[in-house]
$ cat my_file29.csv   # CSV, N, CA and C atoms and all ligand atoms
chain,number,residue,atom,x,y,z
S,90,MET,N,-87.6,10.5,26.6
S,90,MET,CA,-87.1,9.7,25.4
S,90,MET,C,-86.2,8.6,25.8
S,91,SER,N,-85.1,9.0,26.4
S,91,SER,CA,-84.1,8.0,26.9
S,91,SER,C,-84.7,7.1,27.9
S,92,ARG,N,-85.7,7.6,28.6
S,92,ARG,CA,-86.3,6.8,29.6
S,92,ARG,C,-87.1,5.6,29.0
S,93,SER,N,-87.8,5.9,27.9
S,93,SER,CA,-88.6,4.8,27.3
S,93,SER,C,-87.6,3.8,26.6
S,94,GLY,N,-86.5,4.4,26.1
S,94,GLY,CA,-85.5,3.5,25.4
S,94,GLY,C,-84.9,2.5,26.4
S,95,GLU,N,-84.7,3.0,27.6
S,95,GLU,CA,-84.1,2.2,28.7
S,95,GLU,C,-85.1,1.0,29.0
S,96,LYS,N,-86.4,1.4,29.1
S,96,LYS,CA,-87.4,0.5,29.5
S,96,LYS,C,-87.5,-0.6,28.4
S,97,LYS,N,-87.4,-0.2,27.2
S,97,LYS,CA,-87.5,-1.2,26.1
S,97,LYS,C,-86.4,-2.2,26.1
S,98,GLY,N,-85.1,-1.6,26.3
S,98,GLY,CA,-84.0,-2.5,26.4
S,98,GLY,C,-84.1,-3.5,27.5
S,99,ASN,N,-84.6,-3.1,28.6
S,99,ASN,CA,-84.7,-3.9,29.7
S,99,ASN,C,-85.8,-5.0,29.5
S,100,GLN,N,-86.8,-4.6,28.8
S,100,GLN,CA,-87.9,-5.5,28.5
S,100,GLN,C,-87.3,-6.6,27.6
S,101,GLY,N,-86.5,-6.2,26.6
S,101,GLY,CA,-85.9,-7.2,25.7
S,101,GLY,C,-85.0,-8.2,26.5
S,102,LYS,N,-84.3,-7.7,27.5
S,102,LYS,CA,-83.5,-8.6,28.3
S,102,LYS,C,-84.3,-9.6,29.1
S,103,ARG,N,-85.4,-9.1,29.6
S,103,ARG,CA,-86.3,-10.0,30.3
S,103,ARG,C,-86.9,-11.1,29.4
S,104,GLU,N,-87.3,-10.6,28.2
S,104,GLU,CA,-87.8,-11.6,27.3
S,104,GLU,C,-86.8,-12.7,26.9
S,105,LYS,N,-85.6,-12.2,26.7
S,105,LYS,CA,-84.5,-13.2,26.4
S,105,LYS,C,-84.2,-14.1,27.5
S,106,GLU,N,-84.2,-13.6,28.7
S,106,GLU,CA,-84.0,-14.4,29.9
S,106,GLU,C,-85.1,-15.5,30.0
S,107,LYS,N,-86.3,-15.0,29.8
S,107,LYS,CA,-87.5,-16.0,29.9
S,107,LYS,C,-87.3,-17.1,28.8
S,108,GLN,N,-86.9,-16.7,27.7
S,108,GLN,CA,-86.7,-17.6,26.5
S,108,GLN,C,-85.7,-18.7,26.9
S,109,VAL,N,-84.6,-18.2,27.5
S,109,VAL,CA,-83.5,-19.2,27.8
S,109,VAL,C,-84.0,-20.2,28.9
S,110,VAL,N,-84.6,-19.6,29.9
S,110,VAL,CA,-85.1,-20.5,31.0
S,110,VAL,C,-86.1,-21.5,30.5
S,111,ASN,N,-87.0,-21.0,29.6
S,111,ASN,CA,-88.0,-21.8,29.0
S,111,ASN,C,-87.4,-23.0,28.2
S,112,LEU,N,-86.4,-22.6,27.4
S,112,LEU,CA,-85.7,-23.6,26.6
S,112,LEU,C,-85.1,-24.7,27.5
S,113,MET,N,-84.5,-24.3,28.6
S,113,MET,CA,-83.8,-25.2,29.5
S,113,MET,C,-84.8,-26.1,30.1
S,114,ILE,N,-86.0,-25.6,30.5
S,114,ILE,CA,-87.0,-26.4,31.1
S,114,ILE,C,-87.6,-27.4,30.1
S,115,ARG,N,-87.7,-26.9,28.9
S,115,ARG,CA,-88.3,-27.8,27.9
S,115,ARG,C,-87.3,-29.0,27.6
S,116,LEU,N,-86.1,-28.6,27.5
S,116,LEU,CA,-85.1,-29.7,27.2
S,116,LEU,C,-85.0,-30.7,28.3
S,117,TYR,N,-85.1,-30.2,29.5
S,117,TYR,CA,-85.0,-31.1,30.7
S,117,TYR,C,-86.3,-32.0,30.7
S,118,CYS,N,-87.4,-31.4,30.5
S,118,CYS,CA,-88.7,-32.1,30.5
S,118,CYS,C,-88.7,-33.2,29.4
S,119,ARG,N,-88.2,-32.8,28.2
S,119,ARG,CA,-88.2,-33.8,27.1
S,119,ARG,C,-87.4,-35.0,27.5
S,120,LYS,N,-86.2,-34.8,28.2
S,120,LYS,CA,-85.3,-35.9,28.4
S,120,LYS,C,-85.6,-36.6,29.7
S,121,GLN,N,-86.2,-35.9,30.7
S,121,GLN,CA,-86.4,-36.5,32.0
S,121,GLN,C,-87.8,-36.9,32.4
S,122,HIS,N,-88.8,-36.3,31.7
S,122,HIS,CA,-90.1,-36.7,32.1
S,122,HIS,C,-90.9,-37.3,31.0
S,123,SER,N,-91.6,-38.4,31.3
S,123,SER,CA,-92.4,-39.0,30.3
S,123,SER,C,-93.8,-38.7,30.7
S,124,GLY,N,-94.8,-39.1,29.9
S,124,GLY,CA,-96.2,-38.8,30.2
S,124,GLY,C,-96.7,-37.7,29.4
S,125,GLU,N,-97.8,-37.2,29.8
S,125,GLU,CA,-98.6,-36.2,29.0
S,125,GLU,C,-97.9,-34.9,29.0
S,126,LYS,N,-97.8,-34.3,27.8
S,126,LYS,CA,-97.2,-33.0,27.6
S,126,LYS,C,-98.1,-32.1,26.9
S,127,ASP,N,-98.0,-30.8,27.2
S,127,ASP,CA,-98.9,-29.8,26.5
S,127,ASP,C,-98.3,-29.4,25.2
S,128,ALA,N,-98.9,-28.4,24.5
S,128,ALA,CA,-98.4,-28.0,23.2
S,128,ALA,C,-97.0,-27.5,23.2
S,129,ASP,N,-96.5,-27.0,24.3
S,129,ASP,CA,-95.1,-26.6,24.4
S,129,ASP,C,-94.1,-27.7,24.7
S,130,GLY,N,-94.7,-28.9,24.9
S,130,GLY,CA,-93.8,-30.0,25.2
S,130,GLY,C,-93.5,-30.0,26.7
S,131,LEU,N,-94.3,-29.5,27.5
S,131,LEU,CA,-94.0,-29.5,29.0
S,131,LEU,C,-95.1,-30.3,29.7
S,132,CYS,N,-94.6,-31.0,30.7
S,132,CYS,CA,-95.6,-31.7,31.6
S,132,CYS,C,-96.1,-30.7,32.6
S,133,GLU,N,-97.1,-31.1,33.4
S,133,GLU,CA,-97.8,-30.1,34.2
S,133,GLU,C,-96.8,-29.4,35.2
S,134,GLU,N,-95.9,-30.3,35.8
S,134,GLU,CA,-95.0,-29.8,36.7
S,134,GLU,C,-94.0,-28.8,36.1
S,135,CYS,N,-93.5,-29.1,34.9
S,135,CYS,CA,-92.6,-28.2,34.3
S,135,CYS,C,-93.3,-26.9,33.8
S,136,ARG,N,-94.5,-27.1,33.4
S,136,ARG,CA,-95.3,-25.9,32.9
S,136,ARG,C,-95.4,-24.9,34.1
S,137,ARG,N,-95.7,-25.5,35.3
S,137,ARG,CA,-95.8,-24.6,36.5
S,137,ARG,C,-94.4,-23.9,36.8
S,138,LEU,N,-93.4,-24.7,36.7
S,138,LEU,CA,-92.0,-24.1,36.9
S,138,LEU,C,-91.7,-23.0,35.9
S,139,SER,N,-92.1,-23.3,34.7
S,139,SER,CA,-91.8,-22.3,33.6
S,139,SER,C,-92.6,-21.0,33.9
S,140,GLU,N,-93.8,-21.1,34.3
S,140,GLU,CA,-94.7,-20.0,34.5
S,140,GLU,C,-94.1,-19.2,35.7
S,141,TYR,N,-93.7,-20.0,36.7
S,141,TYR,CA,-93.1,-19.4,37.9
S,141,TYR,C,-91.8,-18.6,37.6
S,142,ALA,N,-91.0,-19.2,36.8
S,142,ALA,CA,-89.7,-18.6,36.4
S,142,ALA,C,-90.0,-17.3,35.6
S,143,SER,N,-91.0,-17.3,34.7
S,143,SER,CA,-91.3,-16.1,33.9
S,143,SER,C,-91.7,-15.0,34.8
S,144,ARG,N,-92.5,-15.4,35.8
S,144,ARG,CA,-93.0,-14.3,36.8
S,144,ARG,C,-91.8,-13.7,37.5
S,145,ARG,N,-90.9,-14.6,37.9
S,145,ARG,CA,-89.7,-14.1,38.7
S,145,ARG,C,-88.9,-13.1,37.8
S,146,VAL,N,-88.8,-13.5,36.5
S,146,VAL,CA,-88.0,-12.6,35.6
S,146,VAL,C,-88.8,-11.3,35.5
S,147,ASP,N,-90.1,-11.3,35.4
S,147,ASP,CA,-90.9,-10.1,35.3
S,147,ASP,C,-90.7,-9.2,36.5
S,148,HIS,N,-90.5,-9.8,37.7
S,148,HIS,CA,-90.4,-9.0,38.9
S,148,HIS,C,-89.0,-8.8,39.4
S,149,CYS,N,-88.0,-9.3,38.7
S,149,CYS,CA,-86.7,-9.2,39.2
S,149,CYS,C,-86.2,-7.8,39.3
S,150,PRO,N,-85.8,-7.3,40.5
S,150,PRO,CA,-85.4,-5.9,40.6
S,150,PRO,C,-84.0,-5.7,40.1
S,151,PHE,N,-83.2,-6.8,39.9
S,151,PHE,CA,-81.8,-6.7,39.5
S,151,PHE,C,-81.6,-6.8,38.0
S,152,MET,N,-82.7,-6.8,37.3
S,152,MET,CA,-82.6,-7.1,35.8
S,152,MET,C,-81.6,-6.1,35.1
S,153,GLU,N,-81.6,-4.9,35.6
S,153,GLU,CA,-80.8,-3.9,34.8
S,153,GLU,C,-79.3,-4.2,35.0
S,154,THR,N,-78.9,-4.7,36.2
S,154,THR,CA,-77.5,-4.8,36.5
S,154,THR,C,-76.9,-6.1,36.3
S,155,LYS,N,-77.8,-7.2,36.4
S,155,LYS,CA,-77.2,-8.5,36.4
S,155,LYS,C,-76.8,-8.9,35.0
S,156,THR,N,-75.8,-9.8,34.9
S,156,THR,CA,-75.4,-10.3,33.6
S,156,THR,C,-76.3,-11.4,33.1
S,157,PHE,N,-76.2,-11.6,31.8
S,157,PHE,CA,-77.1,-12.5,31.1
S,157,PHE,C,-77.3,-13.9,31.8
S,158,CYS,N,-76.2,-14.5,32.1
S,158,CYS,CA,-76.4,-15.9,32.6
S,158,CYS,C,-76.2,-16.0,34.1
S,159,SER,N,-76.3,-14.9,34.8
S,159,SER,CA,-76.1,-15.0,36.2
S,159,SER,C,-77.1,-15.9,36.9
S,160,ASN,N,-76.6,-16.4,38.0
S,160,ASN,CA,-77.5,-17.4,38.8
S,160,ASN,C,-78.4,-16.6,39.8
S,161,CYS,N,-78.4,-15.3,39.6
S,161,CYS,CA,-79.2,-14.5,40.5
S,161,CYS,C,-80.6,-15.0,40.7
S,162,ARG,N,-81.1,-15.5,39.6
S,162,ARG,CA,-82.5,-15.9,39.6
S,162,ARG,C,-82.9,-16.9,40.7
S,163,VAL,N,-81.9,-17.8,41.0
S,163,VAL,CA,-82.3,-18.8,42.0
S,163,VAL,C,-82.5,-18.3,43.4
S,164,HIS,N,-81.9,-17.1,43.7
S,164,HIS,CA,-82.0,-16.6,45.0
S,164,HIS,C,-83.4,-16.1,45.4
S,165,CYS,N,-84.2,-15.7,44.4
S,165,CYS,CA,-85.5,-15.2,44.7
S,165,CYS,C,-86.6,-16.2,44.5
S,166,TYR,N,-86.2,-17.4,44.2
S,166,TYR,CA,-87.1,-18.5,44.1
S,166,TYR,C,-87.5,-19.1,45.5
S,167,LYS,N,-88.7,-19.5,45.6
S,167,LYS,CA,-89.0,-20.2,46.9
S,167,LYS,C,-88.4,-21.6,46.8
S,168,PRO,N,-88.1,-22.2,48.0
S,168,PRO,CA,-87.2,-23.4,48.1
S,168,PRO,C,-87.7,-24.5,47.1
S,169,GLU,N,-88.9,-24.8,47.0
S,169,GLU,CA,-89.4,-25.9,46.2
S,169,GLU,C,-89.0,-25.6,44.7
S,170,MET,N,-89.3,-24.4,44.3
S,170,MET,CA,-89.0,-24.1,42.9
S,170,MET,C,-87.5,-23.9,42.6
S,171,ARG,N,-86.8,-23.5,43.7
S,171,ARG,CA,-85.4,-23.3,43.5
S,171,ARG,C,-84.7,-24.7,43.3
S,172,GLU,N,-85.2,-25.7,44.0
S,172,GLU,CA,-84.6,-27.0,43.9
S,172,GLU,C,-84.9,-27.5,42.4
S,173,LYS,N,-86.1,-27.3,42.0
S,173,LYS,CA,-86.4,-27.7,40.6
S,173,LYS,C,-85.6,-27.0,39.5
S,174,ILE,N,-85.5,-25.7,39.7
S,174,ILE,CA,-84.7,-25.0,38.6
S,174,ILE,C,-83.3,-25.4,38.7
S,175,ARG,N,-82.8,-25.7,39.8
S,175,ARG,CA,-81.4,-26.1,39.9
S,175,ARG,C,-81.2,-27.4,39.2
S,176,GLN,N,-82.1,-28.3,39.3
S,176,GLN,CA,-82.0,-29.6,38.6
S,176,GLN,C,-82.0,-29.3,37.1
S,177,VAL,N,-82.9,-28.5,36.7
S,177,VAL,CA,-83.1,-28.1,35.3
S,177,VAL,C,-81.8,-27.5,34.7
S,178,MET,N,-81.2,-26.6,35.5
S,178,MET,CA,-80.0,-26.0,35.0
S,178,MET,C,-78.8,-26.9,35.0
S,179,ARG,N,-78.7,-27.8,36.0
S,179,ARG,CA,-77.6,-28.7,36.0
S,179,ARG,C,-77.7,-29.6,34.8
S,180,PHE,N,-78.9,-30.0,34.5
S,180,PHE,CA,-79.1,-30.9,33.3
S,180,PHE,C,-79.0,-30.2,32.0
S,181,SER,N,-79.7,-29.1,31.9
S,181,SER,CA,-79.8,-28.4,30.6
S,181,SER,C,-78.6,-27.5,30.3
S,182,GLY,N,-78.0,-27.0,31.3
S,182,GLY,CA,-76.9,-26.0,31.1
S,182,GLY,C,-75.8,-26.5,30.1
S,183,PRO,N,-75.2,-27.6,30.4
S,183,PRO,CA,-74.2,-28.1,29.4
S,183,PRO,C,-74.7,-28.5,28.1
S,184,ARG,N,-76.0,-29.0,28.1
S,184,ARG,CA,-76.6,-29.4,26.8
S,184,ARG,C,-77.0,-28.2,25.9
S,185,MET,N,-77.1,-27.1,26.5
S,185,MET,CA,-77.5,-25.9,25.7
S,185,MET,C,-76.4,-25.7,24.6
S,186,MET,N,-75.2,-26.1,24.9
S,186,MET,CA,-74.1,-26.0,24.0
S,186,MET,C,-74.4,-26.8,22.7
S,187,LEU,N,-75.0,-27.9,22.8
S,187,LEU,CA,-75.4,-28.7,21.6
S,187,LEU,C,-76.6,-28.2,20.9
S,188,TYR,N,-77.6,-27.8,21.7
S,188,TYR,CA,-78.8,-27.5,21.0
S,188,TYR,C,-78.9,-26.0,20.6
S,189,HIS,N,-78.3,-25.2,21.4
S,189,HIS,CA,-78.3,-23.7,21.1
S,189,HIS,C,-77.0,-23.1,21.3
S,190,PRO,N,-76.1,-23.4,20.3
S,190,PRO,CA,-74.7,-23.0,20.4
S,190,PRO,C,-74.5,-21.5,20.5
S,191,VAL,N,-75.4,-20.7,19.9
S,191,VAL,CA,-75.2,-19.3,19.9
S,191,VAL,C,-75.4,-18.8,21.4
S,192,MET,N,-76.4,-19.2,22.0
S,192,MET,CA,-76.6,-18.8,23.4
S,192,MET,C,-75.5,-19.3,24.3
S,193,ALA,N,-75.1,-20.6,24.1
S,193,ALA,CA,-74.0,-21.2,24.9
S,193,ALA,C,-72.7,-20.4,24.7
S,194,VAL,N,-72.4,-20.1,23.5
S,194,VAL,CA,-71.2,-19.4,23.2
S,194,VAL,C,-71.2,-18.0,23.9
S,195,ARG,N,-72.3,-17.4,23.9
S,195,ARG,CA,-72.4,-16.1,24.6
S,195,ARG,C,-72.1,-16.3,26.1
S,196,HIS,N,-72.6,-17.4,26.6
S,196,HIS,CA,-72.3,-17.7,28.0
S,196,HIS,C,-70.8,-18.0,28.3
S,197,VAL,N,-70.2,-18.7,27.4
S,197,VAL,CA,-68.8,-19.0,27.5
S,197,VAL,C,-68.0,-17.7,27.5
S,198,ILE,N,-68.3,-16.9,26.5
S,198,ILE,CA,-67.6,-15.6,26.4
S,198,ILE,C,-67.7,-14.8,27.7
S,199,SER,N,-68.9,-14.6,28.2
S,199,SER,CA,-69.1,-13.8,29.4
S,199,SER,C,-68.4,-14.5,30.6
S,200,SER,N,-68.4,-15.8,30.6
S,200,SER,CA,-67.6,-16.5,31.7
S,200,SER,C,-66.1,-16.2,31.6
S,201,ALA,N,-65.6,-16.3,30.4
S,201,ALA,CA,-64.2,-16.1,30.2
S,201,ALA,C,-63.8,-14.7,30.6
S,202,ILE,N,-64.7,-13.7,30.2
S,202,ILE,CA,-64.4,-12.3,30.6
S,202,ILE,C,-64.3,-12.2,32.1
S,203,GLU,N,-65.3,-12.8,32.7
S,203,GLU,CA,-65.4,-12.8,34.2
S,203,GLU,C,-64.1,-13.4,34.8
S,204,LYS,N,-63.7,-14.5,34.3
S,204,LYS,CA,-62.5,-15.2,34.8
S,204,LYS,C,-61.2,-14.3,34.6
S,205,LYS,N,-61.1,-13.7,33.5
S,205,LYS,CA,-60.0,-12.8,33.2
S,205,LYS,C,-60.0,-11.7,34.2
S,206,ARG,N,-61.1,-11.2,34.5
S,206,ARG,CA,-61.2,-10.0,35.4
S,206,ARG,C,-60.7,-10.4,36.8
S,207,MET,N,-61.1,-11.7,37.2
S,207,MET,CA,-60.7,-12.2,38.5
S,207,MET,C,-59.2,-12.4,38.6
S,208,ARG,N,-58.6,-12.7,37.4
S,208,ARG,CA,-57.2,-13.1,37.4
S,208,ARG,C,-56.3,-11.8,37.4
S,209,THR,N,-56.9,-10.7,37.0
S,209,THR,CA,-56.0,-9.5,36.9
S,209,THR,C,-55.5,-9.1,38.3
S,210,GLY,N,-56.2,-9.6,39.3
S,210,GLY,CA,-55.7,-9.2,40.7
S,210,GLY,C,-54.3,-9.7,41.0
S,211,GLY,N,-53.8,-10.7,40.3
S,211,GLY,CA,-52.5,-11.2,40.5
S,211,GLY,C,-52.3,-12.5,39.8
S,212,ASP,N,-51.1,-12.8,39.4
S,212,ASP,CA,-50.9,-14.0,38.6
S,212,ASP,C,-50.2,-15.1,39.4
S,213,CYS,N,-50.4,-15.1,40.8
S,213,CYS,CA,-49.7,-16.1,41.6
S,213,CYS,C,-50.6,-17.4,41.6
S,214,CYS,N,-51.8,-17.3,41.3
S,214,CYS,CA,-52.6,-18.5,41.3
S,214,CYS,C,-53.4,-18.8,40.0
S,215,ASP,N,-53.6,-20.0,39.7
S,215,ASP,CA,-54.4,-20.4,38.5
S,215,ASP,C,-54.5,-21.9,38.5
S,301,ZN,ZN,-91.5,-32.2,33.0

$ encode --input "my_file29.csv" --output "structure tokens" --more "lines below"
Ligand SMILES: [Zn+2]
Amino acid sequence: MSRSGEKKGNQGKREKEKQVVNLMIRLYCRKQHSGEKDADGLCEECRRLSEYASRRVDHCPFMETKTFCSNCRVHCYKPEMREKIRQVMRFSGPRMMLYHPVMAVRHVISSAIEKKRMRTGGDCCD
């Protein structure tokens, strides 16, 4: 019983992760790429990146432990895709604040918690 519950929660996390990555790629493509787009608003290159990213999320072995906005995903990407997703994140990351404030706020909160945790080691530096 608890086992299937765990699996379900994890699946939800994966879906959310995919959704966020997808949004970021879409935003990036809309602003950076011109030319033909599919029904999702992605050019062929970005569609491939999006599919690749989704597959990585599906197979990520760290899904249970990693935090929502962790950069862990870039480590299991192959170099070509890693470079692309880095560009996407650099571009879309700050803009998510404008387009999807709820997701962005969640990111800010988790970052703040992380920062606070790091600071508890001592108050000599800041
Ligand atoms: Zn594109």

$ residues_near_ligand --input "my_file29.csv" --ligand "ligand ZN 301 (chain S)" --cutoff "10 Å" --atoms "only C-alpha atoms and all ligand atoms" --output "number ranges by chain"
S: 114-126, 130-139, 177

$ atom_distance --input "my_file29.csv" --atom1 "atom C of Cys165 of chain S" --atom2 "atom CA of Arg145 of chain S"
6.9 Å

$ select_by_dssp --input "my_file29.csv" --residues "segment 106-149 of chain S" --states "alpha helix (DSSP H)" --output "VMD selection string"
chain S and resid 106 to 121 133 to 148

$ atom_distance --input "my_file29.csv" --atom1 "atom C of Gln176 of chain S" --atom2 "atom N of Asn99 of chain S"
27.7 Å

$ atom_distance --input "my_file29.csv" --atom1 "atom CA of Pro183 of chain S" --atom2 "atom CA of Ala142 of chain S"
19.5 Å

$ residues_around --input "my_file29.csv" --residues "Arg144 of chain S" --least-positions-apart "6" --cutoff "12 Å" --atoms "only C-alpha atoms" --output "ChimeraX atom specification"
/S:103-104,106-107,110-111,137-138,150,162,165-166

$ closest_residue --input "my_file29.csv" --among "S:Gln108, S:Ser181, S:Arg175, S:Gln100" --to "Ser143 of chain S" --atoms "only N, CA and C atoms"
S:Gln108

$ closest_residue --input "my_file29.csv" --among "S:Phe180, S:Lys167, S:Asp147, S:Met185" --to "Lys105 of chain S" --atoms "only C-alpha atoms"
S:Asp147
